[in-house]
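Q: Sharing run.txt below, compact mmCIF, C-alpha atoms and all ligand atoms:
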```txt
# COMPACT_ATOMS: atom_id res chain seq x y z
CA MET Y 1 97.00 98.99 76.04
CA LEU Y 2 99.30 98.84 79.06
CA LEU Y 3 99.20 95.13 79.91
CA GLU Y 4 97.96 92.33 77.70
CA VAL Y 5 98.02 88.62 78.30
CA GLU Y 6 97.02 86.42 75.43
CA GLY Y 7 96.44 82.69 75.46
CA LEU Y 8 98.55 82.18 78.57
CA THR Y 9 98.88 78.52 79.47
CA LYS Y 10 100.90 76.86 82.23
CA THR Y 11 100.99 73.21 83.22
CA PHE Y 12 102.71 71.65 86.23
CA GLY Y 13 103.34 68.00 85.36
CA GLY Y 14 99.93 66.89 84.15
CA LEU Y 15 98.08 69.69 85.88
CA LEU Y 16 96.68 72.53 83.79
CA ALA Y 17 97.04 75.47 86.21
CA VAL Y 18 96.36 78.29 83.72
CA SER Y 19 94.59 77.54 80.49
CA ARG Y 20 94.50 79.92 77.51
CA VAL Y 21 93.84 83.02 79.58
CA SER Y 22 93.55 86.35 77.77
CA PHE Y 23 92.77 89.80 79.12
CA ARG Y 24 93.85 93.42 78.85
CA VAL Y 25 94.45 96.06 81.46
CA ALA Y 26 94.36 99.75 80.52
CA SER Y 27 96.55 102.37 82.12
CA GLU Y 28 95.26 103.42 85.58
CA GLU Y 29 92.73 100.59 85.65
CA VAL Y 30 92.33 98.47 88.80
CA VAL Y 31 91.43 94.90 87.91
CA GLY Y 32 90.51 92.25 90.47
CA LEU Y 33 91.15 88.55 89.93
CA LEU Y 34 88.81 86.25 91.81
CA GLY Y 35 88.38 82.52 92.01
CA PRO Y 36 88.51 79.61 94.41
CA ASN Y 37 91.78 78.30 95.81
CA GLY Y 38 93.73 76.46 93.17
CA SER Y 39 92.05 78.26 90.26
CA GLY Y 40 95.39 79.58 88.97
CA LYS Y 41 95.43 83.19 90.20
CA THR Y 42 98.90 83.16 91.75
CA THR Y 43 100.28 81.24 88.79
CA LEU Y 44 98.88 83.93 86.51
CA LEU Y 45 100.58 86.70 88.51
CA ASN Y 46 103.82 84.68 88.39
CA LEU Y 47 103.53 84.46 84.61
CA ILE Y 48 103.00 88.23 84.35
CA ALA Y 49 105.85 89.03 86.74
CA GLY Y 50 108.21 86.56 85.06
CA ALA Y 51 108.69 84.25 88.06
CA LEU Y 52 107.27 81.56 85.78
CA HIS Y 53 107.34 81.18 82.03
CA PRO Y 54 104.26 79.97 80.14
CA ASP Y 55 103.99 76.85 77.99
CA ALA Y 56 102.06 78.97 75.50
CA GLY Y 57 100.84 82.51 75.13
CA GLN Y 58 102.20 86.02 75.46
CA VAL Y 59 102.59 88.80 77.98
CA ARG Y 60 102.84 92.32 76.54
CA LEU Y 61 103.62 95.56 78.32
CA ASP Y 62 103.16 98.79 76.37
CA ASN Y 63 102.73 96.68 73.21
CA ARG Y 64 106.11 95.05 73.75
CA ASP Y 65 106.33 91.27 73.98
CA ILE Y 66 108.02 90.56 77.32
CA THR Y 67 107.24 86.84 77.50
CA ALA Y 68 110.87 85.79 77.23
CA LEU Y 69 112.21 88.31 79.75
CA PRO Y 70 113.25 87.26 83.26
CA ALA Y 71 111.58 88.79 86.34
CA ASN Y 72 114.32 91.37 87.03
CA ALA Y 73 114.08 92.76 83.50
CA ARG Y 74 110.30 93.01 83.82
CA ALA Y 75 110.71 94.84 87.14
CA ARG Y 76 112.92 97.41 85.41
CA LEU Y 77 110.27 97.83 82.72
CA GLY Y 78 107.65 98.55 85.37
CA ILE Y 79 106.07 95.36 86.71
CA ALA Y 80 106.09 95.17 90.52
CA ARG Y 81 104.44 92.71 92.86
CA THR Y 82 103.67 91.62 96.38
CA PHE Y 83 103.41 87.99 97.45
CA GLN Y 84 100.55 85.89 98.85
CA LEU Y 85 102.95 84.80 101.61
CA VAL Y 86 104.94 87.91 102.47
CA ARG Y 87 108.56 87.96 101.34
CA THR Y 88 110.52 90.76 102.92
CA LEU Y 89 114.27 90.62 103.31
CA PRO Y 90 114.01 89.74 107.02
CA LYS Y 91 117.45 90.76 108.25
CA LEU Y 92 117.39 94.12 106.51
CA SER Y 93 115.72 97.19 107.97
CA VAL Y 94 112.43 98.47 106.62
CA LEU Y 95 114.37 101.28 104.95
CA ASP Y 96 116.79 98.91 103.23
CA ASN Y 97 113.94 96.69 102.06
CA VAL Y 98 112.30 99.65 100.34
CA LEU Y 99 115.64 101.01 99.11
CA VAL Y 100 116.20 97.74 97.26
CA GLY Y 101 113.00 98.41 95.36
CA ARG Y 102 114.01 101.98 94.54
CA LEU Y 103 117.54 101.05 93.40
CA TYR Y 104 116.53 98.07 91.26
CA GLY Y 105 113.27 99.40 89.86
CA ARG Y 106 112.44 101.74 87.02
CA ASP Y 107 114.68 104.80 86.43
CA GLY Y 108 116.87 104.19 89.46
CA SER Y 109 118.26 107.29 91.14
CA GLY Y 110 121.38 108.05 93.19
CA LEU Y 111 121.62 106.67 96.72
CA GLU Y 112 120.71 109.86 98.58
CA ALA Y 113 117.67 110.60 96.44
CA ALA Y 114 116.68 106.94 96.72
CA ARG Y 115 116.87 107.11 100.54
CA THR Y 116 114.74 110.23 100.66
CA GLU Y 117 112.13 108.75 98.35
CA SER Y 118 112.12 105.46 100.26
CA LEU Y 119 111.60 107.23 103.59
CA SER Y 120 108.70 109.16 102.12
CA LEU Y 121 107.09 105.93 100.87
CA ILE Y 122 107.67 104.30 104.26
CA ALA Y 123 105.85 107.21 105.90
CA SER Y 124 103.02 106.92 103.39
CA VAL Y 125 102.38 103.28 104.39
CA GLY Y 126 102.41 104.26 108.06
CA LEU Y 127 105.83 102.90 109.07
CA ARG Y 128 107.75 106.12 109.70
CA ASP Y 129 108.69 105.07 113.23
CA LYS Y 130 109.84 101.63 112.13
CA ALA Y 131 112.15 102.59 109.26
CA GLN Y 132 115.21 101.27 111.10
CA SER Y 133 113.58 98.10 112.47
CA PRO Y 134 114.54 94.75 110.95
CA ALA Y 135 111.65 93.57 108.76
CA SER Y 136 111.57 90.27 110.68
CA GLN Y 137 110.46 92.10 113.85
CA LEU Y 138 107.31 93.50 112.26
CA THR Y 139 103.79 92.11 112.50
CA LEU Y 140 102.28 90.51 109.39
CA THR Y 141 100.29 93.63 108.52
CA ASP Y 142 103.42 95.81 108.80
CA GLN Y 143 105.42 93.36 106.68
CA LYS Y 144 102.70 93.67 104.06
CA ARG Y 145 103.13 97.45 104.25
CA VAL Y 146 106.87 97.00 103.64
CA GLU Y 147 106.16 94.84 100.60
CA LEU Y 148 103.76 97.44 99.25
CA ALA Y 149 106.25 100.27 99.80
CA ARG Y 150 109.04 98.21 98.19
CA ALA Y 151 106.84 97.48 95.18
CA LEU Y 152 105.82 101.14 94.84
CA ALA Y 153 109.47 102.17 95.20
CA THR Y 154 110.21 100.54 91.85
CA ARG Y 155 107.84 103.14 90.31
CA PRO Y 156 105.73 100.46 88.69
CA LYS Y 157 103.54 100.87 85.67
CA VAL Y 158 101.66 97.79 86.82
CA LEU Y 159 101.40 96.65 90.42
CA LEU Y 160 100.47 93.00 91.02
CA LEU Y 161 99.01 92.30 94.48
CA ASP Y 162 98.43 88.72 95.64
CA GLU Y 163 95.85 88.66 98.45
CA PRO Y 164 96.99 91.91 100.09
CA LEU Y 165 94.35 91.49 102.81
CA GLY Y 166 94.98 87.81 103.51
CA GLY Y 167 95.62 87.08 107.20
CA LEU Y 168 94.70 90.58 108.38
CA ASN Y 169 92.11 91.34 111.06
CA LEU Y 170 89.19 93.67 110.47
CA THR Y 171 90.95 96.84 111.66
CA GLU Y 172 94.02 95.98 109.59
CA VAL Y 173 91.86 95.28 106.54
CA ARG Y 174 90.26 98.72 106.81
CA ALA Y 175 93.65 100.42 107.02
CA ALA Y 176 94.99 98.36 104.11
CA VAL Y 177 91.98 99.16 101.91
CA ALA Y 178 92.40 102.88 102.65
CA MET Y 179 96.05 102.59 101.65
CA LEU Y 180 95.22 100.75 98.43
CA ARG Y 181 92.63 103.39 97.58
CA GLN Y 182 95.41 105.95 97.82
CA VAL Y 183 97.57 103.86 95.52
CA ARG Y 184 94.65 103.76 93.12
CA THR Y 185 94.22 107.53 93.32
CA SER Y 186 97.91 108.03 92.59
CA GLY Y 187 97.30 106.50 89.17
CA VAL Y 188 99.16 103.19 89.46
CA THR Y 189 97.63 100.41 87.39
CA VAL Y 190 96.80 97.47 89.63
CA VAL Y 191 95.99 93.80 89.17
CA VAL Y 192 94.85 92.43 92.52
CA VAL Y 193 93.96 88.92 93.63
CA GLU Y 194 91.63 89.20 96.60
CA HIS Y 195 88.84 87.21 98.25
CA ASN Y 196 87.37 90.03 100.33
CA VAL Y 197 84.33 91.00 98.29
CA GLN Y 198 83.70 94.33 100.00
CA ALA Y 199 87.28 95.37 99.42
CA VAL Y 200 87.15 94.23 95.82
CA ARG Y 201 84.01 96.29 95.29
CA ALA Y 202 85.66 99.33 96.87
CA LEU Y 203 88.86 99.05 94.85
CA CYS Y 204 88.27 97.53 91.44
CA ASP Y 205 86.97 98.93 88.15
CA ARG Y 206 86.64 95.48 86.68
CA LEU Y 207 86.72 91.87 87.86
CA ILE Y 208 87.83 88.67 86.18
CA VAL Y 209 86.79 85.38 87.74
CA PHE Y 210 88.74 82.17 87.26
CA ASN Y 211 87.92 78.56 87.84
CA TYR Y 212 90.16 75.61 86.94
CA GLY Y 213 92.66 77.95 85.30
CA GLN Y 214 90.14 79.50 82.94
CA THR Y 215 88.25 82.78 82.77
CA VAL Y 216 84.64 82.30 83.85
CA VAL Y 217 83.20 85.84 83.91
CA GLU Y 218 84.58 89.31 83.32
CA GLY Y 219 82.94 92.70 83.85
CA GLY Y 220 82.07 95.43 86.34
CA PRO Y 221 82.06 94.44 90.04
CA ASP Y 222 78.28 94.55 90.54
CA GLU Y 223 77.54 92.56 87.44
CA VAL Y 224 80.25 89.96 88.12
CA LEU Y 225 79.51 89.45 91.80
CA ALA Y 226 75.83 88.83 91.04
CA HIS Y 227 76.59 86.33 88.29
CA PRO Y 228 75.36 82.78 88.92
CA ALA Y 229 78.57 81.28 87.49
CA VAL Y 230 80.61 83.23 90.06
CA ILE Y 231 78.51 82.03 92.95
CA GLU Y 232 78.80 78.52 91.56
CA ALA Y 233 82.55 78.78 91.08
CA TYR Y 234 83.00 79.67 94.73
CA LEU Y 235 80.39 77.45 96.30
CA GLY Y 236 79.79 74.57 93.95
CA LYS Y 237 76.49 73.66 92.33
CA SER Y 238 74.99 71.95 95.37
CA SER Y 239 75.35 75.03 97.58
CA GLY Y 240 72.86 77.06 95.59
CA SER Y 241 73.07 80.81 95.38
CA ASN Y 242 74.17 81.66 98.90
CA LEU Y 243 75.77 85.06 98.45
CA ALA Y 244 76.16 85.53 102.19
CA ALA Y 245 78.66 82.67 102.30
CA PHE Y 246 80.45 84.11 99.28
CA SER Y 247 80.99 87.46 100.95
N1 LIG A 301 105.06 75.37 91.52
C1 LIG A 301 104.04 74.53 91.39
N2 LIG A 301 104.24 73.21 91.15
C2 LIG A 301 103.19 72.38 90.99
N3 LIG A 301 101.89 72.73 91.05
C3 LIG A 301 101.63 74.04 91.29
C4 LIG A 301 102.68 75.00 91.47
N4 LIG A 301 102.11 76.21 91.68
C5 LIG A 301 100.78 76.03 91.64
N5 LIG A 301 100.49 74.72 91.40
C6 LIG A 301 99.14 74.16 91.23
O1 LIG A 301 98.48 74.93 90.23
C7 LIG A 301 97.12 75.16 90.57
C8 LIG A 301 96.87 76.65 90.66
O2 LIG A 301 97.54 77.17 91.81
P1 LIG A 301 97.59 78.68 92.18
O3 LIG A 301 97.96 79.45 90.98
O4 LIG A 301 98.44 78.81 93.38
O5 LIG A 301 96.06 78.96 92.53
P2 LIG A 301 95.38 80.14 93.36
O6 LIG A 301 96.39 81.22 93.56
O7 LIG A 301 94.22 80.53 92.52
O8 LIG A 301 94.96 79.52 94.66
C9 LIG A 301 96.89 74.43 91.89
O9 LIG A 301 96.35 73.15 91.59
C10 LIG A 301 98.28 74.31 92.48
O10 LIG A 301 98.38 73.18 93.32
MG MG A 302 97.11 82.12 95.26
```
Please go through the file and, once you have read it, give me the structure as structure tokens.
Ligand SMILES: Nc1ncnc2c1ncn2[C@@H]1O[C@H](COP(=O)(O)OP(=O)(O)O)[C@@H](O)[C@H]1O
Ligand SMILES: [Mg+2]
A:
Amino acid sequence: MLLEVEGLTKTFGGLLAVSRVSFRVASEEVVGLLGPNGSGKTTLLNLIAGALHPDAGQVRLDNRDITALPANARARLGIARTFQLVRTLPKLSVLDNVLVGRLYGRDGSGLEAARTESLSLIASVGLRDKAQSPASQLTLTDQKRVELARALATRPKVLLLDEPLGGLNLTEVRAAVAMLRQVRTSGVTVVVVEHNVQAVRALCDRLIVFNYGQTVVEGGPDEVLAHPAVIEAYLGKSSGSNLAAFS
């Protein structure tokens, strides 16, 4: 199994943000994490990436316990991520942002090879003409492309995406979904937090739904999205089963 989390638990003060969460992700699988705001999805990605350490539980990559490793060590082992609120290196050019990923990721190469590979990734996310622009001058959707290219530049075994479509307009969402389908086709294993149900359906092999830090339902997209507990988790009991509002 490529990625396994077992009994992961994280509290902030008295708040139980992630509570005994366990799941497995096979190589080349694309798994979607759903759940209302505050249900612990970002915290879970932080625990997998090593930005946070759990109070209990384990994270394993390729059957190796990586729970005690810091984020940079996990990146070198093949865990890459993007952020819910984009985090580029604003003063650096697009190229340098992606180069950072290539140089500090898995099996780092020499500078010239790294530049060539970075430029190719930049082209693949549609930013060929902006390679020399400072990241701060880009629109949100282009900054998200930089983050994706930087994450891919590390040659990840597992790519963690936190709301990759958040804040994008309809046209931008379509382009982003097409790009993520390509990532999927290239064989990268992905764990993606996303609210856009159509996109989740188009991208994911399997969905896991969280509420109050716990797993509610897990399974194939059709099965999970039709599940009463999922509708309830998003809308609350009183709202009834209004799937239109959910999507
Ligand atoms: N660094 C933090 N310090 C304190 N509370 C936090 C922190 N990060 C998240 N939380 C809390 O943990 C819960 C889960 O948050 P989060 O993982 O961001 O949820 P989601 O990504 O599903 O919206 C929320 O109640 C949130 O306020
Ligand atoms: Mg979040």
Q: Neighbours of ligand LIG 301 (chain A) within 7 Å, counting all atoms listed in the file, as a PyMOL selection string?
A: chain Y and resi 12+15+17+35-44+213
Q: Could you tell me how far CA of Leu69 (chain Y) lies from CA of Glu147 (chain Y), in Å and to one decimal?
A: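 It comes out at 22.7 Å.
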Q: Name the residues in contact with region 134-146 of chain Y at a cut-off of 12 Å, using only C-alpha atoms, excluding same-chain residues fewer than 2 positions from it; report them as a PyMOL selection string.
A: chain Y and resi 81-101+118-119+121-132+148-153+161-177+179-180
Q: For each of Y:Cys204, Y:Leu2, Y:Ala113, Y:Leu45, take the minimum atom-to-atom distance to ligand MG 302 (chain A), counting all atoms listed in the file, then give the residue where this is smallest.
A: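 Using all atoms listed in the file, ligand MG 302 (chain A) sits closest to Y:Leu45.
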Q: Between CA of Asp205 (chain Y) and CA of Gly32 (chain Y), what is the distance in Å, rounded to a tenth?
A: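 So the answer is 7.9 Å.
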Q: Given all atoms listed in the file as the basis, pick out the residue of Y:Glu117, Y:Glu218, Y:Glu223, Y:Asp107 nearest to Val21 (chain Y).
A: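 Smallest separation from Val21 (chain Y) among the options: Y:Glu218.
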Q: Mind pulling up the distance from CA of Gln214 (chain Y) to CA of Pro228 (chain Y)?
A: 16.3 Å
Q: Can you tell me, as a ChimeraX atom specification, which residues sit within 10 Å of (91.2, 98.4, 79.4) in the file's frame, using all atoms listed in the file?
A: /Y:1-4,23-31,205-206
Q: Would you please work out which residue, of Y:Gln182, Y:Ile208, Y:Lys157, Y:Thr189, is nearest to Ser22 (chain Y) when using all atoms listed in the file?
A: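 Smallest separation from Ser22 (chain Y) among the options: Y:Ile208.
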Q: Under the rule that only C-alpha atoms and all ligand atoms are counted, which of Y:His195, Y:Arg60, Y:Arg181, Y:Arg76 is the nearest residue to ligand MG 302 (chain A)?
A: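 The closest residue to ligand MG 302 (chain A) is Y:His195.
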Q: Restricting the calculation to only C-alpha atoms and all ligand atoms, which member of Y:Leu77, Y:Asp55, Y:Val183, Y:Asn46 is positioned closest to ligand MG 302 (chain A)?
A: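 Counting only C-alpha atoms and all ligand atoms, the residue closest to ligand MG 302 (chain A) is Y:Asn46.
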Q: May I ask which of the residues Y:Ile66, Y:Val193, Y:Ala178, Y:Leu111 is the closest one to ligand MG 302 (chain A), counting all atoms listed in the file?
A: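 So, comparing all the options, the nearest one is Y:Val193.
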